[in-house]
file input_23.cif (mmCIF, C-alpha atoms)
data_work
loop_
_atom_site.label_atom_id
_atom_site.label_comp_id
_atom_site.auth_asym_id
_atom_site.auth_seq_id
_atom_site.Cartn_x
_atom_site.Cartn_y
_atom_site.Cartn_z
CA MET A 1 -48.95 -66.09 12.99
CA PRO A 2 -52.15 -68.01 13.81
CA LYS A 3 -53.01 -70.27 10.92
CA SER A 4 -56.57 -70.95 12.00
CA ASP A 5 -57.95 -69.64 8.71
CA ASN A 6 -55.65 -69.28 5.72
CA SER A 7 -57.86 -66.86 3.79
CA TRP A 8 -57.13 -64.27 6.51
CA SER A 9 -53.33 -64.59 6.40
CA ASP A 10 -51.34 -61.37 6.89
CA GLU A 11 -50.14 -61.29 3.25
CA ARG A 12 -53.63 -61.67 1.84
CA VAL A 13 -55.09 -59.08 4.18
CA GLU A 14 -52.35 -56.61 3.19
CA LEU A 15 -53.04 -57.14 -0.52
CA ILE A 16 -56.79 -56.64 -0.08
CA VAL A 17 -56.09 -53.51 1.97
CA GLY A 18 -53.85 -52.06 -0.74
CA LEU A 19 -56.44 -52.67 -3.42
CA PHE A 20 -59.13 -51.25 -1.19
CA LEU A 21 -57.22 -48.01 -0.59
CA ARG A 22 -56.59 -47.56 -4.30
CA ILE A 23 -60.27 -48.01 -5.15
CA GLY A 24 -61.18 -45.51 -2.42
CA VAL A 25 -58.82 -42.91 -3.89
CA ILE A 26 -60.04 -43.50 -7.46
CA VAL A 27 -63.73 -43.15 -6.52
CA ALA A 28 -63.02 -40.06 -4.38
CA SER A 29 -60.94 -38.46 -7.16
CA PHE A 30 -63.77 -39.08 -9.62
CA PHE A 31 -66.22 -37.07 -7.50
CA VAL A 32 -63.67 -34.32 -6.82
CA PHE A 33 -62.82 -34.08 -10.52
CA ALA A 34 -66.43 -34.14 -11.75
CA GLY A 35 -67.50 -31.61 -9.11
CA GLY A 36 -64.42 -29.54 -9.95
CA ILE A 37 -65.27 -29.29 -13.66
CA TYR A 38 -68.85 -28.35 -12.79
CA TYR A 39 -67.57 -25.78 -10.26
CA LEU A 40 -65.26 -24.21 -12.85
CA THR A 41 -68.02 -23.93 -15.46
CA ARG A 42 -70.21 -22.17 -12.90
CA TYR A 43 -67.76 -19.98 -11.00
CA GLY A 44 -64.70 -19.99 -13.29
CA SER A 45 -64.80 -16.28 -14.00
CA ALA A 46 -65.46 -15.27 -10.39
CA PHE A 47 -62.59 -14.15 -8.14
CA PRO A 48 -61.21 -16.50 -5.50
CA GLU A 49 -61.10 -15.18 -1.95
CA TYR A 50 -58.72 -17.12 0.26
CA LYS A 51 -56.70 -14.26 1.74
CA ILE A 52 -59.16 -13.61 4.51
CA PHE A 53 -60.33 -16.58 6.51
CA SER A 54 -64.06 -16.73 6.98
CA GLY A 55 -64.60 -20.49 7.31
CA GLU A 56 -66.88 -22.65 5.22
CA PRO A 57 -70.68 -22.30 5.29
CA ALA A 58 -72.43 -24.68 7.70
CA ASP A 59 -73.59 -27.07 4.96
CA LEU A 60 -69.99 -27.78 3.86
CA LYS A 61 -68.78 -28.46 7.40
CA SER A 62 -70.83 -31.49 8.39
CA VAL A 63 -71.31 -34.97 6.97
CA HIS A 64 -75.07 -34.65 6.55
CA GLY A 65 -74.78 -31.15 5.06
CA ILE A 66 -72.24 -32.30 2.48
CA VAL A 67 -74.29 -35.35 1.51
CA ALA A 68 -77.40 -33.18 1.14
CA ASP A 69 -75.50 -30.65 -1.02
CA ALA A 70 -74.05 -33.40 -3.21
CA PHE A 71 -77.47 -34.96 -3.74
CA SER A 72 -78.90 -31.62 -4.81
CA LEU A 73 -75.99 -31.49 -7.33
CA ARG A 74 -74.31 -28.37 -6.01
CA SER A 75 -70.79 -28.17 -7.42
CA ARG A 76 -68.95 -27.42 -4.17
CA GLY A 77 -71.03 -30.07 -2.43
CA ILE A 78 -69.98 -32.71 -4.99
CA ILE A 79 -66.28 -31.87 -4.50
CA GLN A 80 -66.68 -31.93 -0.73
CA PHE A 81 -68.48 -35.29 -1.00
CA GLY A 82 -65.45 -36.68 -2.88
CA LEU A 83 -63.17 -35.31 -0.15
CA LEU A 84 -65.41 -36.92 2.46
CA LEU A 85 -65.08 -40.31 0.70
CA LEU A 86 -61.32 -39.81 0.77
CA MET A 87 -61.38 -39.05 4.51
CA PHE A 88 -63.40 -42.20 5.20
CA THR A 89 -61.09 -44.43 3.12
CA PRO A 90 -58.50 -44.88 5.93
CA VAL A 91 -61.37 -45.37 8.40
CA ALA A 92 -62.85 -48.16 6.29
CA TRP A 93 -59.39 -49.65 6.01
CA VAL A 94 -58.91 -49.70 9.79
CA ALA A 95 -62.38 -51.22 10.18
CA PHE A 96 -61.44 -53.97 7.73
CA LEU A 97 -58.22 -54.67 9.66
CA LEU A 98 -60.28 -54.96 12.84
CA LEU A 99 -62.32 -57.68 11.14
CA ALA A 100 -59.15 -59.40 9.90
CA PHE A 101 -57.56 -59.42 13.38
CA ALA A 102 -60.81 -60.74 14.83
CA LYS A 103 -60.82 -63.57 12.27
CA GLN A 104 -57.19 -64.34 13.22
CA LYS A 105 -58.30 -64.35 16.88
CA ASP A 106 -55.50 -61.88 17.66
CA LEU A 107 -57.02 -60.20 20.72
CA THR A 108 -54.17 -57.76 21.35
CA TYR A 109 -54.58 -56.28 17.89
CA VAL A 110 -58.36 -56.33 18.03
CA LEU A 111 -57.94 -54.03 21.03
CA VAL A 112 -55.25 -51.88 19.36
CA THR A 113 -57.31 -51.47 16.18
CA THR A 114 -60.47 -50.67 18.16
CA VAL A 115 -58.68 -47.77 19.88
CA VAL A 116 -57.44 -46.36 16.54
CA LEU A 117 -60.90 -46.73 14.99
CA ALA A 118 -62.50 -44.98 17.96
CA VAL A 119 -60.13 -42.00 17.63
CA LEU A 120 -60.85 -41.73 13.89
CA LEU A 121 -64.61 -41.90 14.37
CA PHE A 122 -64.43 -39.35 17.19
CA SER A 123 -62.72 -36.93 14.81
CA LEU A 124 -65.02 -37.44 11.83
CA VAL A 125 -68.43 -37.94 13.41
CA GLY A 126 -67.77 -37.16 17.08
CA LYS A 127 -69.54 -33.83 16.62
CA TYR A 128 -72.83 -35.72 16.47
CA LEU A 129 -72.11 -37.42 19.78
CA TYR A 130 -71.12 -34.42 21.89
CA GLY A 131 -73.49 -32.02 20.16
CA MET B 1 -56.71 -13.71 -11.27
CA ASN B 2 -60.06 -15.46 -11.69
CA VAL B 3 -61.04 -18.89 -10.39
CA ILE B 4 -60.02 -20.78 -13.56
CA GLU B 5 -56.54 -19.21 -13.61
CA PHE B 6 -56.12 -19.66 -9.85
CA THR B 7 -57.22 -23.33 -10.01
CA SER B 8 -54.89 -24.09 -12.95
CA LEU B 9 -51.87 -22.52 -11.27
CA VAL B 10 -52.55 -24.21 -7.92
CA TRP B 11 -53.00 -27.53 -9.75
CA LEU B 12 -49.69 -27.06 -11.57
CA GLY B 13 -47.82 -26.09 -8.39
CA SER B 14 -49.32 -29.08 -6.53
CA TYR B 15 -48.46 -31.43 -9.40
CA LEU B 16 -44.82 -30.31 -9.32
CA ALA B 17 -44.73 -30.58 -5.51
CA GLY B 18 -46.10 -34.14 -5.69
CA LEU B 19 -43.72 -35.09 -8.51
CA VAL B 20 -40.56 -33.79 -6.85
CA GLY B 21 -41.75 -35.04 -3.46
CA ALA B 22 -42.06 -38.59 -4.79
CA LEU B 23 -38.79 -38.43 -6.76
CA THR B 24 -36.82 -37.28 -3.72
CA GLY B 25 -38.74 -39.30 -1.15
CA LEU B 26 -39.23 -36.15 0.92
CA GLY B 27 -43.00 -36.06 0.28
CA GLY B 28 -44.84 -33.31 -1.57
CA GLY B 29 -47.06 -32.35 1.36
CA VAL B 30 -44.43 -30.29 3.14
CA VAL B 31 -44.22 -27.66 0.40
CA ILE B 32 -47.98 -27.28 -0.19
CA VAL B 33 -48.64 -25.01 2.79
CA PRO B 34 -45.69 -22.64 2.04
CA LEU B 35 -46.63 -22.66 -1.66
CA LEU B 36 -50.24 -21.69 -0.98
CA THR B 37 -49.50 -19.10 1.70
CA LEU B 38 -46.39 -17.48 0.20
CA ALA B 39 -47.08 -17.66 -3.55
CA PHE B 40 -50.89 -17.50 -3.62
CA GLY B 41 -51.58 -15.50 -0.46
CA VAL B 42 -53.97 -18.15 0.89
CA ASP B 43 -54.81 -17.98 4.62
CA ILE B 44 -52.71 -20.61 6.43
CA ARG B 45 -55.81 -22.33 7.85
CA TYR B 46 -57.27 -23.04 4.38
CA ALA B 47 -53.78 -24.09 3.25
CA ILE B 48 -53.39 -26.59 6.11
CA GLY B 49 -56.84 -28.04 5.39
CA ALA B 50 -56.09 -28.55 1.68
CA SER B 51 -52.67 -30.00 2.48
CA LEU B 52 -54.13 -32.58 4.92
CA VAL B 53 -56.54 -33.79 2.25
CA SER B 54 -53.71 -34.22 -0.27
CA VAL B 55 -51.65 -36.11 2.33
CA ILE B 56 -54.42 -38.71 2.73
CA ALA B 57 -54.73 -39.06 -1.04
CA THR B 58 -51.02 -39.68 -1.67
CA SER B 59 -50.70 -42.08 1.24
CA ALA B 60 -53.67 -44.18 0.15
CA GLY B 61 -52.73 -43.94 -3.54
CA ALA B 62 -49.21 -45.24 -3.00
CA ALA B 63 -50.19 -47.98 -0.54
CA SER B 64 -51.21 -50.68 -3.01
CA ALA B 65 -47.89 -50.44 -4.85
CA TYR B 66 -45.90 -50.70 -1.61
CA VAL B 67 -47.93 -53.60 -0.27
CA LYS B 68 -47.09 -55.78 -3.29
CA GLU B 69 -43.37 -55.45 -2.49
CA GLY B 70 -43.95 -57.08 0.90
CA TYR B 71 -42.13 -54.59 3.14
CA THR B 72 -45.00 -53.06 5.09
CA ASN B 73 -45.59 -54.30 8.63
CA ILE B 74 -49.24 -53.68 9.46
CA ARG B 75 -48.88 -54.61 13.15
CA ILE B 76 -46.12 -52.03 13.71
CA GLY B 77 -48.20 -49.47 11.81
CA MET B 78 -51.42 -50.16 13.68
CA PHE B 79 -49.78 -50.23 17.11
CA LEU B 80 -47.97 -46.91 16.55
CA GLU B 81 -51.11 -45.36 15.08
CA ILE B 82 -52.58 -45.28 18.59
CA ALA B 83 -49.90 -42.67 19.31
CA THR B 84 -50.10 -40.79 16.00
CA THR B 85 -53.90 -40.53 15.87
CA ILE B 86 -54.22 -39.30 19.47
CA GLY B 87 -51.34 -36.90 18.77
CA ALA B 88 -53.11 -35.71 15.62
CA LEU B 89 -56.27 -34.92 17.60
CA CYS B 90 -54.20 -32.90 20.09
CA GLY B 91 -52.45 -31.10 17.21
CA ALA B 92 -55.76 -30.19 15.57
CA PHE B 93 -57.13 -28.79 18.86
CA LEU B 94 -53.86 -26.92 19.44
CA ALA B 95 -54.06 -25.38 15.95
CA SER B 96 -57.18 -23.44 16.93
CA GLN B 97 -55.49 -22.06 20.07
CA ILE B 98 -52.26 -20.84 18.45
CA HIS B 99 -52.02 -17.57 16.52
CA THR B 100 -51.52 -18.12 12.78
CA SER B 101 -48.21 -16.21 12.88
CA TRP B 102 -46.84 -18.77 15.33
CA LEU B 103 -48.17 -21.58 13.15
CA ALA B 104 -46.03 -20.18 10.32
CA VAL B 105 -42.93 -19.99 12.53
CA ILE B 106 -43.39 -23.56 13.85
CA PHE B 107 -43.97 -24.71 10.27
CA GLY B 108 -40.68 -23.14 9.17
CA VAL B 109 -38.73 -24.79 11.99
CA VAL B 110 -40.28 -28.20 11.26
CA LEU B 111 -39.47 -27.79 7.55
CA ILE B 112 -35.80 -27.19 8.30
CA HIS B 113 -35.69 -30.13 10.68
CA SER B 114 -37.40 -32.47 8.17
CA ALA B 115 -34.96 -31.49 5.43
CA TYR B 116 -32.09 -32.16 7.84
CA LEU B 117 -33.49 -35.57 8.85
CA SER B 118 -33.99 -36.62 5.24
CA SER B 119 -30.41 -35.71 4.35
CA LYS B 120 -28.97 -37.94 7.06
CA PRO B 121 -27.46 -41.23 5.86
CA ARG B 122 -29.65 -44.31 6.06
CA ARG B 123 -28.88 -47.11 8.44
CA ASP B 124 -28.71 -50.31 6.46
CA GLY B 125 -30.05 -53.65 7.52
CA PRO B 126 -30.57 -54.96 11.04
CA GLY B 127 -27.41 -55.88 12.92
CA ALA B 128 -27.02 -58.99 15.02
CA ASP B 129 -29.46 -58.29 17.79
CA ARG B 130 -31.58 -59.94 20.38
CA PRO B 131 -35.35 -59.72 20.44
CA ASP B 132 -36.89 -57.10 22.71
CA PRO B 133 -39.40 -58.65 25.14
CA LEU B 134 -42.03 -55.91 24.75
CA ALA B 135 -41.78 -55.96 20.94
CA ALA B 136 -42.01 -59.74 20.99
CA ARG B 137 -45.10 -59.66 23.18
CA LEU B 138 -46.74 -57.18 20.80
CA ARG B 139 -45.65 -59.38 17.87
CA LEU B 140 -44.01 -56.45 16.10
CA ASP B 141 -41.03 -58.45 14.78
CA GLY B 142 -41.24 -59.34 11.11
CA SER B 143 -39.28 -60.11 7.99
CA PHE B 144 -38.65 -58.44 4.64
CA PRO B 145 -37.67 -59.66 1.16
CA THR B 146 -34.01 -59.59 0.11
CA ALA B 147 -32.12 -61.15 -2.79
CA LYS B 148 -31.36 -64.12 -0.51
CA GLY B 149 -34.95 -64.63 0.61
CA ARG B 150 -36.84 -63.11 3.54
CA GLN B 151 -34.72 -61.72 6.34
CA ALA B 152 -36.10 -61.47 9.86
CA TYR B 153 -35.72 -58.34 11.99
CA HIS B 154 -36.37 -57.40 15.60
CA VAL B 155 -38.01 -54.22 16.83
CA HIS B 156 -36.52 -52.28 19.75
CA ALA B 157 -37.19 -49.27 21.99
CA VAL B 158 -40.97 -49.52 21.70
CA PRO B 159 -41.76 -46.84 24.36
CA ALA B 160 -39.35 -44.29 22.81
CA GLY B 161 -40.72 -44.94 19.32
CA PHE B 162 -44.28 -44.68 20.63
CA GLY B 163 -43.51 -41.33 22.28
CA LEU B 164 -41.89 -39.91 19.18
CA MET B 165 -44.88 -41.08 17.14
CA PHE B 166 -47.14 -39.03 19.40
CA SER B 167 -45.06 -35.95 18.50
CA ALA B 168 -45.22 -36.86 14.81
CA GLY B 169 -49.00 -37.08 15.07
CA THR B 170 -49.22 -33.73 16.88
CA LEU B 171 -47.15 -32.02 14.18
CA SER B 172 -49.29 -33.64 11.49
CA GLY B 173 -52.51 -32.40 13.09
CA LEU B 174 -51.09 -28.97 13.85
CA LEU B 175 -49.53 -28.23 10.46
CA GLY B 176 -51.40 -30.44 7.99
CA ILE B 177 -48.35 -32.41 6.92
CA GLY B 178 -47.67 -36.15 6.80
CA SER B 179 -44.63 -35.76 9.09
CA GLY B 180 -43.12 -38.80 7.40
CA ALA B 181 -39.60 -37.65 8.29
CA VAL B 182 -40.30 -37.87 12.04
CA LYS B 183 -42.13 -41.19 11.61
CA VAL B 184 -39.19 -42.69 9.73
CA LEU B 185 -36.82 -41.27 12.36
CA ALA B 186 -38.78 -43.02 15.11
CA MET B 187 -38.85 -46.37 13.32
CA ASP B 188 -35.47 -46.36 11.59
CA HIS B 189 -33.20 -44.74 14.19
CA PHE B 190 -34.95 -45.51 17.48
CA MET B 191 -36.80 -48.77 16.96
CA ARG B 192 -34.08 -50.05 14.58
CA ILE B 193 -36.57 -51.24 11.97
CA PRO B 194 -35.01 -51.72 8.48
CA PHE B 195 -35.19 -48.55 6.38
CA LYS B 196 -37.42 -49.91 3.61
CA VAL B 197 -39.87 -51.33 6.17
CA SER B 198 -39.86 -47.96 8.01
CA THR B 199 -40.60 -45.87 4.92
CA THR B 200 -43.37 -48.09 3.53
CA THR B 201 -45.00 -48.55 6.95
CA SER B 202 -44.73 -44.80 7.51
CA ASN B 203 -46.53 -44.19 4.21
CA PHE B 204 -49.38 -46.39 5.44
CA MET B 205 -49.57 -44.59 8.75
CA ILE B 206 -49.54 -41.09 7.23
CA GLY B 207 -53.03 -41.49 5.75
CA VAL B 208 -54.59 -42.75 8.97
CA THR B 209 -52.86 -40.05 11.03
CA ALA B 210 -54.12 -37.33 8.68
CA ALA B 211 -57.63 -38.80 8.75
CA ALA B 212 -57.64 -38.40 12.54
CA SER B 213 -57.28 -34.63 12.38
CA VAL B 214 -59.03 -33.89 9.09
CA GLY B 215 -62.47 -34.37 10.65
CA ILE B 216 -61.73 -31.61 13.18
CA TYR B 217 -60.59 -29.32 10.34
CA LEU B 218 -63.71 -30.12 8.34
CA ASN B 219 -65.98 -29.30 11.26
CA ARG B 220 -64.15 -26.04 11.79
CA GLY B 221 -64.64 -25.00 8.16
CA TYR B 222 -60.95 -25.15 7.14
CA ILE B 223 -61.54 -27.51 4.21
CA ASP B 224 -62.50 -25.45 1.16
CA PRO B 225 -63.66 -27.51 -1.83
CA GLY B 226 -62.55 -24.98 -4.46
CA LEU B 227 -59.01 -24.90 -3.07
CA SER B 228 -58.66 -28.55 -1.99
CA MET B 229 -59.79 -29.82 -5.42
CA PRO B 230 -56.72 -28.70 -7.46
CA VAL B 231 -54.36 -29.40 -4.54
CA MET B 232 -55.56 -32.96 -4.00
CA LEU B 233 -55.71 -33.87 -7.71
CA GLY B 234 -52.39 -32.16 -8.42
CA VAL B 235 -50.37 -33.74 -5.61
CA LEU B 236 -51.91 -37.16 -6.26
CA MET B 237 -51.18 -37.11 -10.01
CA GLY B 238 -47.71 -35.66 -9.42
CA SER B 239 -46.70 -38.29 -6.89
CA MET B 240 -48.05 -41.10 -9.07
CA SER B 241 -46.02 -39.95 -12.08
CA GLY B 242 -43.06 -39.51 -9.74
CA ALA B 243 -43.34 -43.08 -8.47
CA ARG B 244 -43.38 -44.31 -12.07
CA ILE B 245 -40.17 -42.59 -13.17
CA LEU B 246 -38.43 -43.06 -9.84
CA VAL B 247 -36.20 -45.92 -10.94
CA LYS B 248 -34.98 -44.22 -14.11
CA THR B 249 -33.70 -40.94 -12.75
CA ARG B 250 -30.72 -40.02 -10.66
CA THR B 251 -32.22 -38.43 -7.62
CA ARG B 252 -29.20 -37.14 -5.71
CA LEU B 253 -29.03 -33.74 -7.42
CA LEU B 254 -32.81 -33.44 -7.30
CA ARG B 255 -32.79 -34.14 -3.54
CA LEU B 256 -30.21 -31.42 -3.08
CA ILE B 257 -32.21 -28.88 -5.07
CA PHE B 258 -35.45 -29.79 -3.31
CA SER B 259 -33.77 -29.51 0.10
CA ALA B 260 -32.54 -26.04 -0.88
CA VAL B 261 -36.07 -25.06 -1.95
CA ILE B 262 -37.44 -26.34 1.37
CA LEU B 263 -34.83 -24.32 3.25
CA VAL B 264 -35.72 -21.10 1.40
CA LEU B 265 -39.44 -21.69 2.01
CA ALA B 266 -38.75 -22.38 5.68
CA VAL B 267 -36.83 -19.13 6.17
CA GLU B 268 -39.56 -17.21 4.38
CA MET B 269 -42.29 -18.82 6.53
CA ILE B 270 -40.41 -17.93 9.72
CA TYR B 271 -39.77 -14.36 8.53
CA ASN B 272 -43.39 -13.81 7.51
CA GLY B 273 -44.58 -15.32 10.77
CA LEU B 274 -42.34 -13.12 12.91
CA THR B 275 -43.28 -9.97 11.00
CA GLY B 276 -46.96 -10.89 11.28
CA ARG B 277 -47.61 -11.22 7.55
CA VAL B 278 -49.08 -14.72 7.74
#
call {"tool": "encode", "arguments": {"input": "input_23.cif", "output": "structure tokens"}}
result
Amino acid sequence: MPKSDNSWSDERVELIVGLFLRIGVIVASFFVFAGGIYYLTRYGSAFPEYKIFSGEPADLKSVHGIVADAFSLRSRGIIQFGLLLLMFTPVAWVAFLLLAFAKQKDLTYVLVTTVVLAVLLFSLVGKYLYG
Amino acid sequence: MNVIEFTSLVWLGSYLAGLVGALTGLGGGVVIVPLLTLAFGVDIRYAIGASLVSVIATSAGAASAYVKEGYTNIRIGMFLEIATTIGALCGAFLASQIHTSWLAVIFGVVLIHSAYLSSKPRRDGPGADRPDPLAARLRLDGSFPTAKGRQAYHVHAVPAGFGLMFSAGTLSGLLGIGSGAVKVLAMDHFMRIPFKVSTTTSNFMIGVTAAASVGIYLNRGYIDPGLSMPVMLGVLMGSMSGARILVKTRTRLLRLIFSAVILVLAVEMIYNGLTGRV
């Protein structure tokens, strides 16, 4: 292990990562729960329709649509915003590891982590790149 | 059944799945899709979307506890995630090409195989072995805590493990599961990484793998907030309570029962797929 900078040792990085993931899940769960309660008070007596697949409306399928829905305090938008935070938690984690490997001057793993981060970003926001 | 009743029942089912999944170490994610499709009549595409979300939540939720124990090897995880994330993208693309009936059949077969893998005896501790040059160059070798202090281990068969991880990722993206059983198989049996290191590193990787395909599912409109909400909260709370009581209970009988449940669900998924009911 390169000991160029002790504050970026593997053990410390792993601990920060663990804490980071937990906070991500807690914050995401908060939004999902709050949006869920609001959703149940609004649509609780309606009938769920999941037998026939019709896909989600456009605003609940894209990052900007979800953020816009959440900001206008729509119940399904708030839940979806929480789910979006959850999806980005591993991405933020990988980004943090990239920084940690860079600080350790571990070029092999800077490359490895960059590839993983690129795949994740392609999946989540790639739609905006290829139209 | 109105939305409140539906949500409560799905939450309860997901909680139990997460609880038993954590107690047995088989993971709660594998039973979510059969539960939603068979018991609640949910379309398999919505079910896979909700399951993927819950897989990310449990993986990230359990990570901080595992990290403190000092078993996880982030380099192994990150290196193999190249294979799992690319596999997951392929799986998610494949899912839109395959008829849902076939998805159900493949799901059933994978369920049976996972239950079989999990019932196999664990290999304990690294034997006397020489370092593998490729693993050494990638700095995958590590050490883990034992009663006598940290014990070093060497990683082997990197290409085989990498290949199997690609398959694990594809299954994860195709079926919305964590595919932890295949990941542990790759690390434990092929790469000869100590069991505890394999399972905790696999837990880390599951969340990142699922995140790679979840974006595709979101863009395709498979992630429904009303359905994913009780599934995610249920599985997460269930697995966290499971992790807490893990040490106190005898899990052998529970594992047996859960494996039997998985087997029944698998047969039912395959039957419904073949008869075109899913």
call {"tool": "atom_distance", "arguments": {"input": "input_23.cif", "atom1": "atom CA of Trp102 of chain B", "atom2": "atom CA of Ile86 of chain B"}}
result
22.2 Å
call {"tool": "residues_around", "arguments": {"input": "input_23.cif", "residues": "Gly126 of chain A", "least_positions_apart": "6", "cutoff": "10 Å", "atoms": "all atoms listed in the file", "output": "PDB file with C-alpha atoms, in the coordinates of the input"}}
result
ATOM      1  CA  ALA A 118     -62.500 -44.980  17.960  1.00  0.00           C
ATOM      2  CA  VAL A 119     -60.130 -42.000  17.630  1.00  0.00           C
ATOM      3  CA  LEU A 120     -60.850 -41.730  13.890  1.00  0.00           C
TER       4      LEU A 120
ATOM      5  CA  GLY B 215     -62.470 -34.370  10.650  1.00  0.00           C
ATOM      6  CA  ILE B 216     -61.730 -31.610  13.180  1.00  0.00           C
ATOM      7  CA  ASN B 219     -65.980 -29.300  11.260  1.00  0.00           C
TER       8      ASN B 219
END
call {"tool": "residues_around", "arguments": {"input": "input_23.cif", "residues": "segment 63-66 of chain A", "least_positions_apart": "5", "cutoff": "9 Å", "atoms": "only C-alpha atoms", "output": "list in words"}}
result
Ala58, Phe71, Arg76, Gly77, Ile78, Gln80, Phe81, Leu84, Leu124 and Val125 of chain A; Asn219 of chain B
call {"tool": "closest_residue", "arguments": {"input": "input_23.cif", "among": "B:Pro34, B:Gly178, B:Gly41, B:Gly108", "to": "Ser59 of chain B", "atoms": "all atoms listed in the file"}}
result
B:Gly178
call {"tool": "resolve_selection", "arguments": {"input": "input_23.cif", "expression": "the PyMOL selection byres ((chain B and resi 256) around 12)", "output": "PDB file with C-alpha atoms, in the coordinates of the input"}}
result
ATOM      1  CA  VAL B  20     -40.560 -33.790  -6.850  1.00  0.00           C
ATOM      2  CA  LEU B  23     -38.790 -38.430  -6.760  1.00  0.00           C
ATOM      3  CA  THR B  24     -36.820 -37.280  -3.720  1.00  0.00           C
ATOM      4  CA  GLY B  25     -38.740 -39.300  -1.150  1.00  0.00           C
ATOM      5  CA  LEU B  26     -39.230 -36.150   0.920  1.00  0.00           C
ATOM      6  CA  ALA B 115     -34.960 -31.490   5.430  1.00  0.00           C
ATOM      7  CA  TYR B 116     -32.090 -32.160   7.840  1.00  0.00           C
ATOM      8  CA  SER B 118     -33.990 -36.620   5.240  1.00  0.00           C
ATOM      9  CA  SER B 119     -30.410 -35.710   4.350  1.00  0.00           C
ATOM     10  CA  ARG B 250     -30.720 -40.020 -10.660  1.00  0.00           C
ATOM     11  CA  THR B 251     -32.220 -38.430  -7.620  1.00  0.00           C
ATOM     12  CA  ARG B 252     -29.200 -37.140  -5.710  1.00  0.00           C
ATOM     13  CA  LEU B 253     -29.030 -33.740  -7.420  1.00  0.00           C
ATOM     14  CA  LEU B 254     -32.810 -33.440  -7.300  1.00  0.00           C
ATOM     15  CA  ARG B 255     -32.790 -34.140  -3.540  1.00  0.00           C
ATOM     16  CA  ILE B 257     -32.210 -28.880  -5.070  1.00  0.00           C
ATOM     17  CA  PHE B 258     -35.450 -29.790  -3.310  1.00  0.00           C
ATOM     18  CA  SER B 259     -33.770 -29.510   0.100  1.00  0.00           C
ATOM     19  CA  ALA B 260     -32.540 -26.040  -0.880  1.00  0.00           C
ATOM     20  CA  VAL B 261     -36.070 -25.060  -1.950  1.00  0.00           C
ATOM     21  CA  ILE B 262     -37.440 -26.340   1.370  1.00  0.00           C
ATOM     22  CA  LEU B 263     -34.830 -24.320   3.250  1.00  0.00           C
TER      23      LEU B 263
END
call {"tool": "closest_residue", "arguments": {"input": "input_23.cif", "among": "B:Met1, B:Ala65, B:Ile74, B:Ala181", "to": "Phe47 of chain A", "atoms": "all atoms listed in the file"}}
result
B:Met1
call {"tool": "resolve_selection", "arguments": {"input": "input_23.cif", "expression": "the PyMOL selection byres ((chain B and resi 196-208) around 7)", "output": "list in words"}}
result
Pro90 of chain A; Val55, Ile56, Ser59, Ala60, Ala63, Tyr66, Tyr71, Thr72, Asn73, Gly77, Glu81, Gly178, Gly180, Lys183, Val184, Met187, Asp188, Ile193, Pro194, Phe195, Thr209, Ala210, Ala211 and Ala212 of chain B
